[in-house]
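To start, the structure itself, in structure tokens.
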Amino acid sequence: MLNLIQADLFKLRKSAALKLLLAITTVCAVVMAVFARLIPEGSLDAGATGLGFLFSDVNVISILGGVAAGLLVCGDLDNKTIHDAVANGYSRFTLLAGKAAVFSLMVVLLLLPYAVITWIALGTGAEFSMGSAALGFLNVLTSGSSVTAAGAPRMLAVILSLLIVYAAQLSICLPVAFWIKKPVIVVAIAYGFSMLTGQLMQLSARLPVLKHVLAVTPYGENYIFITPATAAGDMLTAILVSAGFAAVMLGLSYLLFRRTELK
């Protein structure tokens, strides 16, 4: 499996598409921070909150995560790379586990600009706000926290927890990619599902049963709202729930991949 992972990582290092996606998240992270700074400063009207949210991590990664899955899975299914690997003796589970590992690394890589920009921005001590429209790293940025030498380990824990939560949320792209095999449709489903879970999260505030259901998935409201003020136990819960959900998605992907006819 290590050889498969190394091969995929080598292809990604040479991929212009991945470099473009990374450039997009970097630009979006900077724009998000600028909006969050200018709005409380009064340089931008509060009505610009909606526009600023479009550049936030939760919105951008829900699209680019689907794109990443399309590149990694649908692309290799289309160009027969996966077929060749199976023909050369690799088991389907080994192939799938390698793809899942690389996909998670891609998600982390695409989110790193948000983590870095958030860290730098909080280190300035300036005020950041985006109204109530704040999730993920945008929520950390607007939480009123600051980065100090003493608080650095906790901020690292927050970043790690959010990266794992996001990777788990986007793991749903893998079974969809092996099932649909069409990159554009994978992106559409990933983004649509992200919007749906966002609505369900709001609805769960009024429906305790729904709240309990979401709590056993990385879409639970407490997980995407992690900040330095979050208790260590809650961060650990988010990580464990996310790992369990990703394992379920890996199993579902395997069931779909096993039924896929490779010619």
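Order determines the names: the first chain of the structure tokens is A, the second B, and so forth; residues in each chain are numbered 1 upward, and ligands are numbered 1 upward as they are shown.
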Members of segment 48-254 of chain A assigned alpha helix (DSSP H) by DSSP, as a PyMOL selection string: chain A and resi 49-54+57-69+75-78+81-87+92-123+136-141+152-170+173-180+183-203+208-215+221-224+232-254
Closest pair table for segment 82-125 of chain A residues within 12 Å of segment 229-250 of chain A, only C-alpha atoms, as a tab-separated table:
residue	atom	partner	partner_atom	distance
A:Arg92	CA	A:Leu250	CA	11.8
A:Phe93	CA	A:Leu250	CA	9.1
A:Thr94	CA	A:Leu250	CA	11.2
A:Leu95	CA	A:Leu250	CA	11.3
A:Leu96	CA	A:Leu250	CA	7.7
A:Ala97	CA	A:Leu250	CA	7.5
A:Gly98	CA	A:Leu250	CA	10.7
A:Lys99	CA	A:Leu250	CA	9.9
A:Ala100	CA	A:Leu250	CA	7.3
A:Ala101	CA	A:Leu250	CA	10.2
A:Phe103	CA	A:Ala246	CA	11.6
A:Ser104	CA	A:Ala246	CA	9.9
Would you mind exporting all heavy atoms of the selected residues as a PDB file, in the first residue's frame?
ATOM      1  N   ARG A  92      -8.293  -4.899  -3.842  1.00  0.00           N
ATOM      2  CA  ARG A  92      -9.130  -3.707  -3.938  1.00  0.00           C
ATOM      3  C   ARG A  92      -9.128  -2.930  -2.611  1.00  0.00           C
ATOM      4  O   ARG A  92      -9.183  -1.707  -2.625  1.00  0.00           O
ATOM      5  CB  ARG A  92     -10.554  -4.086  -4.339  1.00  0.00           C
ATOM      6  CG  ARG A  92     -10.627  -4.707  -5.722  1.00  0.00           C
ATOM      7  CD  ARG A  92     -12.014  -4.680  -6.293  1.00  0.00           C
ATOM      8  NE  ARG A  92     -12.051  -5.302  -7.612  1.00  0.00           N
ATOM      9  CZ  ARG A  92     -12.988  -5.065  -8.529  1.00  0.00           C
ATOM     10  NH1 ARG A  92     -13.962  -4.209  -8.260  1.00  0.00           N
ATOM     11  NH2 ARG A  92     -12.955  -5.665  -9.695  1.00  0.00           N
ATOM     12  N   PHE A  93      -9.084  -3.657  -1.494  1.00  0.00           N
ATOM     13  CA  PHE A  93      -9.075  -2.951  -0.215  1.00  0.00           C
ATOM     14  C   PHE A  93      -7.780  -2.163  -0.041  1.00  0.00           C
ATOM     15  O   PHE A  93      -7.793  -1.041   0.472  1.00  0.00           O
ATOM     16  CB  PHE A  93      -9.244  -3.931   0.946  1.00  0.00           C
ATOM     17  CG  PHE A  93      -9.311  -3.232   2.277  1.00  0.00           C
ATOM     18  CD1 PHE A  93     -10.487  -2.627   2.705  1.00  0.00           C
ATOM     19  CD2 PHE A  93      -8.190  -3.145   3.106  1.00  0.00           C
ATOM     20  CE1 PHE A  93     -10.553  -1.961   3.918  1.00  0.00           C
ATOM     21  CE2 PHE A  93      -8.247  -2.479   4.318  1.00  0.00           C
ATOM     22  CZ  PHE A  93      -9.434  -1.889   4.725  1.00  0.00           C
ATOM     23  N   THR A  94      -6.660  -2.754  -0.457  1.00  0.00           N
ATOM     24  CA  THR A  94      -5.379  -2.052  -0.369  1.00  0.00           C
ATOM     25  C   THR A  94      -5.405  -0.785  -1.213  1.00  0.00           C
ATOM     26  O   THR A  94      -4.954   0.281  -0.781  1.00  0.00           O
ATOM     27  CB  THR A  94      -4.233  -2.965  -0.837  1.00  0.00           C
ATOM     28  OG1 THR A  94      -4.169  -4.112   0.020  1.00  0.00           O
ATOM     29  CG2 THR A  94      -2.897  -2.235  -0.798  1.00  0.00           C
ATOM     30  N   LEU A  95      -5.939  -0.913  -2.414  1.00  0.00           N
ATOM     31  CA  LEU A  95      -6.061   0.250  -3.299  1.00  0.00           C
ATOM     32  C   LEU A  95      -6.927   1.325  -2.653  1.00  0.00           C
ATOM     33  O   LEU A  95      -6.574   2.510  -2.642  1.00  0.00           O
ATOM     34  CB  LEU A  95      -6.676  -0.174  -4.626  1.00  0.00           C
ATOM     35  CG  LEU A  95      -5.735  -0.547  -5.767  1.00  0.00           C
ATOM     36  CD1 LEU A  95      -6.508  -1.196  -6.895  1.00  0.00           C
ATOM     37  CD2 LEU A  95      -5.029   0.699  -6.274  1.00  0.00           C
ATOM     38  N   LEU A  96      -8.061   0.890  -2.114  1.00  0.00           N
ATOM     39  CA  LEU A  96      -9.000   1.838  -1.519  1.00  0.00           C
ATOM     40  C   LEU A  96      -8.405   2.522  -0.295  1.00  0.00           C
ATOM     41  O   LEU A  96      -8.538   3.737  -0.124  1.00  0.00           O
ATOM     42  CB  LEU A  96     -10.281   1.103  -1.135  1.00  0.00           C
ATOM     43  CG  LEU A  96     -11.367   1.933  -0.446  1.00  0.00           C
ATOM     44  CD1 LEU A  96     -11.794   3.091  -1.322  1.00  0.00           C
ATOM     45  CD2 LEU A  96     -12.553   1.060  -0.093  1.00  0.00           C
ATOM     46  N   ALA A  97      -7.733   1.755   0.556  1.00  0.00           N
ATOM     47  CA  ALA A  97      -7.123   2.331   1.758  1.00  0.00           C
ATOM     48  C   ALA A  97      -6.073   3.367   1.376  1.00  0.00           C
ATOM     49  O   ALA A  97      -5.955   4.422   2.019  1.00  0.00           O
ATOM     50  CB  ALA A  97      -6.506   1.227   2.614  1.00  0.00           C
ATOM     51  N   GLY A  98      -5.311   3.075   0.325  1.00  0.00           N
ATOM     52  CA  GLY A  98      -4.320   4.039  -0.151  1.00  0.00           C
ATOM     53  C   GLY A  98      -4.968   5.315  -0.658  1.00  0.00           C
ATOM     54  O   GLY A  98      -4.503   6.426  -0.363  1.00  0.00           O
ATOM     55  N   LYS A  99      -6.059   5.160  -1.413  1.00  0.00           N
ATOM     56  CA  LYS A  99      -6.776   6.334  -1.929  1.00  0.00           C
ATOM     57  C   LYS A  99      -7.352   7.165  -0.781  1.00  0.00           C
ATOM     58  O   LYS A  99      -7.313   8.399  -0.810  1.00  0.00           O
ATOM     59  CB  LYS A  99      -7.917   5.887  -2.855  1.00  0.00           C
ATOM     60  CG  LYS A  99      -7.476   5.277  -4.168  1.00  0.00           C
ATOM     61  CD  LYS A  99      -6.795   6.291  -5.058  1.00  0.00           C
ATOM     62  CE  LYS A  99      -6.422   5.688  -6.397  1.00  0.00           C
ATOM     63  NZ  LYS A  99      -5.619   6.621  -7.230  1.00  0.00           N
ATOM     64  N   ALA A 100      -7.893   6.477   0.233  1.00  0.00           N
ATOM     65  CA  ALA A 100      -8.475   7.192   1.376  1.00  0.00           C
ATOM     66  C   ALA A 100      -7.406   7.985   2.124  1.00  0.00           C
ATOM     67  O   ALA A 100      -7.642   9.127   2.531  1.00  0.00           O
ATOM     68  CB  ALA A 100      -9.149   6.195   2.319  1.00  0.00           C
ATOM     69  N   ALA A 101      -6.224   7.389   2.290  1.00  0.00           N
ATOM     70  CA  ALA A 101      -5.139   8.081   2.990  1.00  0.00           C
ATOM     71  C   ALA A 101      -4.687   9.313   2.215  1.00  0.00           C
ATOM     72  O   ALA A 101      -4.503  10.392   2.787  1.00  0.00           O
ATOM     73  CB  ALA A 101      -3.962   7.121   3.191  1.00  0.00           C
ATOM     74  N   PHE A 103      -6.413  10.948  -0.064  1.00  0.00           N
ATOM     75  CA  PHE A 103      -7.500  11.923  -0.105  1.00  0.00           C
ATOM     76  C   PHE A 103      -7.535  12.750   1.175  1.00  0.00           C
ATOM     77  O   PHE A 103      -7.708  13.975   1.138  1.00  0.00           O
ATOM     78  CB  PHE A 103      -8.847  11.214  -0.295  1.00  0.00           C
ATOM     79  CG  PHE A 103     -10.026  12.135  -0.277  1.00  0.00           C
ATOM     80  CD1 PHE A 103     -10.233  13.048  -1.296  1.00  0.00           C
ATOM     81  CD2 PHE A 103     -10.927  12.102   0.774  1.00  0.00           C
ATOM     82  CE1 PHE A 103     -11.322  13.913  -1.273  1.00  0.00           C
ATOM     83  CE2 PHE A 103     -12.016  12.952   0.810  1.00  0.00           C
ATOM     84  CZ  PHE A 103     -12.215  13.862  -0.225  1.00  0.00           C
ATOM     85  N   SER A 104      -7.348  12.096   2.320  1.00  0.00           N
ATOM     86  CA  SER A 104      -7.314  12.821   3.592  1.00  0.00           C
ATOM     87  C   SER A 104      -6.163  13.817   3.621  1.00  0.00           C
ATOM     88  O   SER A 104      -6.316  14.945   4.102  1.00  0.00           O
ATOM     89  CB  SER A 104      -7.179  11.829   4.754  1.00  0.00           C
ATOM     90  OG  SER A 104      -8.301  10.970   4.814  1.00  0.00           O
TER      91      SER A 104
END
Pick from A:Arg154, A:Met130, A:Leu22, A:Val102, whichever lies nearest to Leu4 of chain A using only C-alpha atoms: A:Val102
Residues within 10 Å of Leu51 of chain A, only C-alpha atoms, excluding chain neighbours under 4 positions, as an MDAnalysis selection string: chainID A and resid 32 35 47 55:56
Write the residues you've just listed into a file as a PDB file, in the first residue's frame, and include N, CA, C and O atoms for each of them.
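Printed below is selection-v7.pdb as written:
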ATOM      1  N   MET A  32     -11.074  35.863   3.204  1.00  0.00           N
ATOM      2  CA  MET A  32     -11.926  35.641   4.380  1.00  0.00           C
ATOM      3  C   MET A  32     -11.428  36.469   5.564  1.00  0.00           C
ATOM      4  O   MET A  32     -12.214  37.141   6.248  1.00  0.00           O
ATOM      5  N   PHE A  35     -12.116  40.237   5.015  1.00  0.00           N
ATOM      6  CA  PHE A  35     -13.522  40.564   5.275  1.00  0.00           C
ATOM      7  C   PHE A  35     -13.790  40.586   6.778  1.00  0.00           C
ATOM      8  O   PHE A  35     -14.454  41.500   7.286  1.00  0.00           O
ATOM      9  N   GLY A  47     -23.565  44.136   5.725  1.00  0.00           N
ATOM     10  CA  GLY A  47     -24.248  43.377   4.689  1.00  0.00           C
ATOM     11  C   GLY A  47     -23.304  42.554   3.838  1.00  0.00           C
ATOM     12  O   GLY A  47     -23.734  41.677   3.081  1.00  0.00           O
ATOM     13  N   PHE A  55     -16.144  32.850   0.952  1.00  0.00           N
ATOM     14  CA  PHE A  55     -14.708  32.533   0.910  1.00  0.00           C
ATOM     15  C   PHE A  55     -14.260  31.731   2.140  1.00  0.00           C
ATOM     16  O   PHE A  55     -13.077  31.407   2.254  1.00  0.00           O
ATOM     17  N   SER A  56     -15.197  31.420   3.031  1.00  0.00           N
ATOM     18  CA  SER A  56     -14.830  30.711   4.256  1.00  0.00           C
ATOM     19  C   SER A  56     -14.482  29.259   3.970  1.00  0.00           C
ATOM     20  O   SER A  56     -14.852  28.688   2.942  1.00  0.00           O
TER      21      SER A  56
END
List every residue of segment 149-214 of chain A that has an atom at most 7 Å from any atom of segment 107-127 of chain A, and for each one report the closest atom pair and its distance in Å to one decimal, counting only C-alpha atoms, with rows sorted by chain and then by increasing residue number, as a tab-separated table.
residue	atom	partner	partner_atom	distance
A:Ile159	CA	A:Ala115	CA	6.5
A:Leu163	CA	A:Val108	CA	6.0
A:Ala167	CA	A:Val107	CA	6.0
Given the selection you just returned, output its residues as a file containing N, CA and C atoms, formatted as a PDB file, in the first residue's frame.
ATOM      1  N   ILE A 159      -6.569  23.198  15.637  1.00  0.00           N
ATOM      2  CA  ILE A 159      -6.333  23.035  14.202  1.00  0.00           C
ATOM      3  C   ILE A 159      -6.373  21.564  13.815  1.00  0.00           C
ATOM      4  N   LEU A 163      -9.100  19.815  11.286  1.00  0.00           N
ATOM      5  CA  LEU A 163      -8.638  19.131  10.083  1.00  0.00           C
ATOM      6  C   LEU A 163      -9.191  17.710  10.018  1.00  0.00           C
ATOM      7  N   ALA A 167     -11.821  16.266   7.262  1.00  0.00           N
ATOM      8  CA  ALA A 167     -11.458  15.084   6.477  1.00  0.00           C
ATOM      9  C   ALA A 167     -12.540  14.013   6.597  1.00  0.00           C
TER      10      ALA A 167
END
Shell of 10 Å around segment 38-46 of chain A, only C-alpha atoms, local chain residues under 4 positions omitted, as a VMD selection string: chain A and resid 33 to 34 50 52 126 to 131
Suppose we keep N, CA and C atoms; can you now write the selection as a JSON list (two decimals), in the first residue's frame?
[["chain", "number", "residue", "atom", "x", "y", "z"],
["A", 33, "ALA", "N", -10.12, 36.43, 5.80],
["A", 33, "ALA", "CA", -9.55, 37.19, 6.93],
["A", 33, "ALA", "C", -9.71, 38.69, 6.73],
["A", 34, "VAL", "N", -9.55, 39.15, 5.50],
["A", 34, "VAL", "CA", -9.71, 40.58, 5.20],
["A", 34, "VAL", "C", -11.15, 41.02, 5.48],
["A", 50, "GLY", "N", -22.42, 37.98, 4.03],
["A", 50, "GLY", "CA", -22.76, 36.86, 3.15],
["A", 50, "GLY", "C", -21.69, 36.62, 2.09],
["A", 52, "GLY", "N", -18.53, 37.54, 2.33],
["A", 52, "GLY", "CA", -17.32, 37.05, 3.00],
["A", 52, "GLY", "C", -17.42, 35.57, 3.34],
["A", 126, "ALA", "N", -5.80, 41.79, 16.53],
["A", 126, "ALA", "CA", -6.87, 42.61, 15.98],
["A", 126, "ALA", "C", -8.23, 41.95, 16.20],
["A", 127, "GLU", "N", -9.28, 42.73, 16.01],
["A", 127, "GLU", "CA", -10.64, 42.21, 16.17],
["A", 127, "GLU", "C", -11.13, 41.67, 14.83],
["A", 128, "PHE", "N", -11.76, 40.50, 14.86],
["A", 128, "PHE", "CA", -12.31, 39.89, 13.65],
["A", 128, "PHE", "C", -13.75, 39.48, 13.93],
["A", 129, "SER", "N", -14.61, 39.73, 12.94],
["A", 129, "SER", "CA", -16.02, 39.37, 13.11],
["A", 129, "SER", "C", -16.66, 39.16, 11.74],
["A", 130, "MET", "N", -17.58, 38.20, 11.69],
["A", 130, "MET", "CA", -18.36, 37.97, 10.48],
["A", 130, "MET", "C", -19.82, 37.74, 10.86],
["A", 131, "GLY", "N", -20.27, 38.43, 11.89],
["A", 131, "GLY", "CA", -21.64, 38.25, 12.34],
["A", 131, "GLY", "C", -21.83, 36.86, 12.91]]
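Comparing A:Phe257, A:Gly251, A:Val30, A:Pro208 by their smallest distance to Ser91 of chain A, the closest is A:Phe257 (using only C-alpha atoms).
Pairwise distance (atom CA of Ala16 of chain A, atom CA of Leu64 of chain A) equals 14.4 Å.
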Residue with smallest distance to Ala48 of chain A - pool A:Gly66, A:Ala36, A:Leu2, A:Ile180, counting only C-alpha atoms: A:Ala36
All residues 6 Å or closer to Gly136 of chain A, only C-alpha atoms, same chain fewer than 3 positions away omitted, as a PyMOL selection string: chain A and resi 139+224-225
Spatial neighbours of Gly151 of chain A, 9 Å, only C-alpha atoms, chain gap at least 5 places, as a list of chain:residue names: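 In the requested format, the answer is A:Ser146, A:Leu156, A:Pro228.
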Pick from A:Ala177, A:Leu54, A:Ala134, A:Ala17, whichever lies nearest to Ala69 of chain A using only C-alpha atoms: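 Ranking A:Ala177, A:Leu54, A:Ala134, A:Ala17 by distance to Ala69 of chain A, first place goes to A:Ala177.
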Val158 of chain A environment, 7 Å, only C-alpha atoms, sequence neighbours closer than 3 positions dropped, as a ChimeraX atom specification: /A:154-155,161-162,226-228
Let me see the file: selected residues, C-alpha atoms, as a CSV table (one decimal), in the first residue's frame.
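Below is the file that was written, result38.csv:
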chain,number,residue,atom,x,y,z
A,154,ARG,CA,-4.1,24.4,22.5
A,155,MET,CA,-4.3,26.2,19.2
A,161,SER,CA,-9.2,18.6,15.5
A,162,LEU,CA,-10.8,20.7,12.8
A,226,ILE,CA,-14.3,23.9,18.1
A,227,THR,CA,-12.3,26.9,19.4
A,228,PRO,CA,-9.4,27.3,21.9
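Using only C-alpha atoms, the shortest contact distance between Val187 of chain A and any of A:Pro153, A:Pro175, A:Gly70, A:Gly144 is found at A:Gly70.
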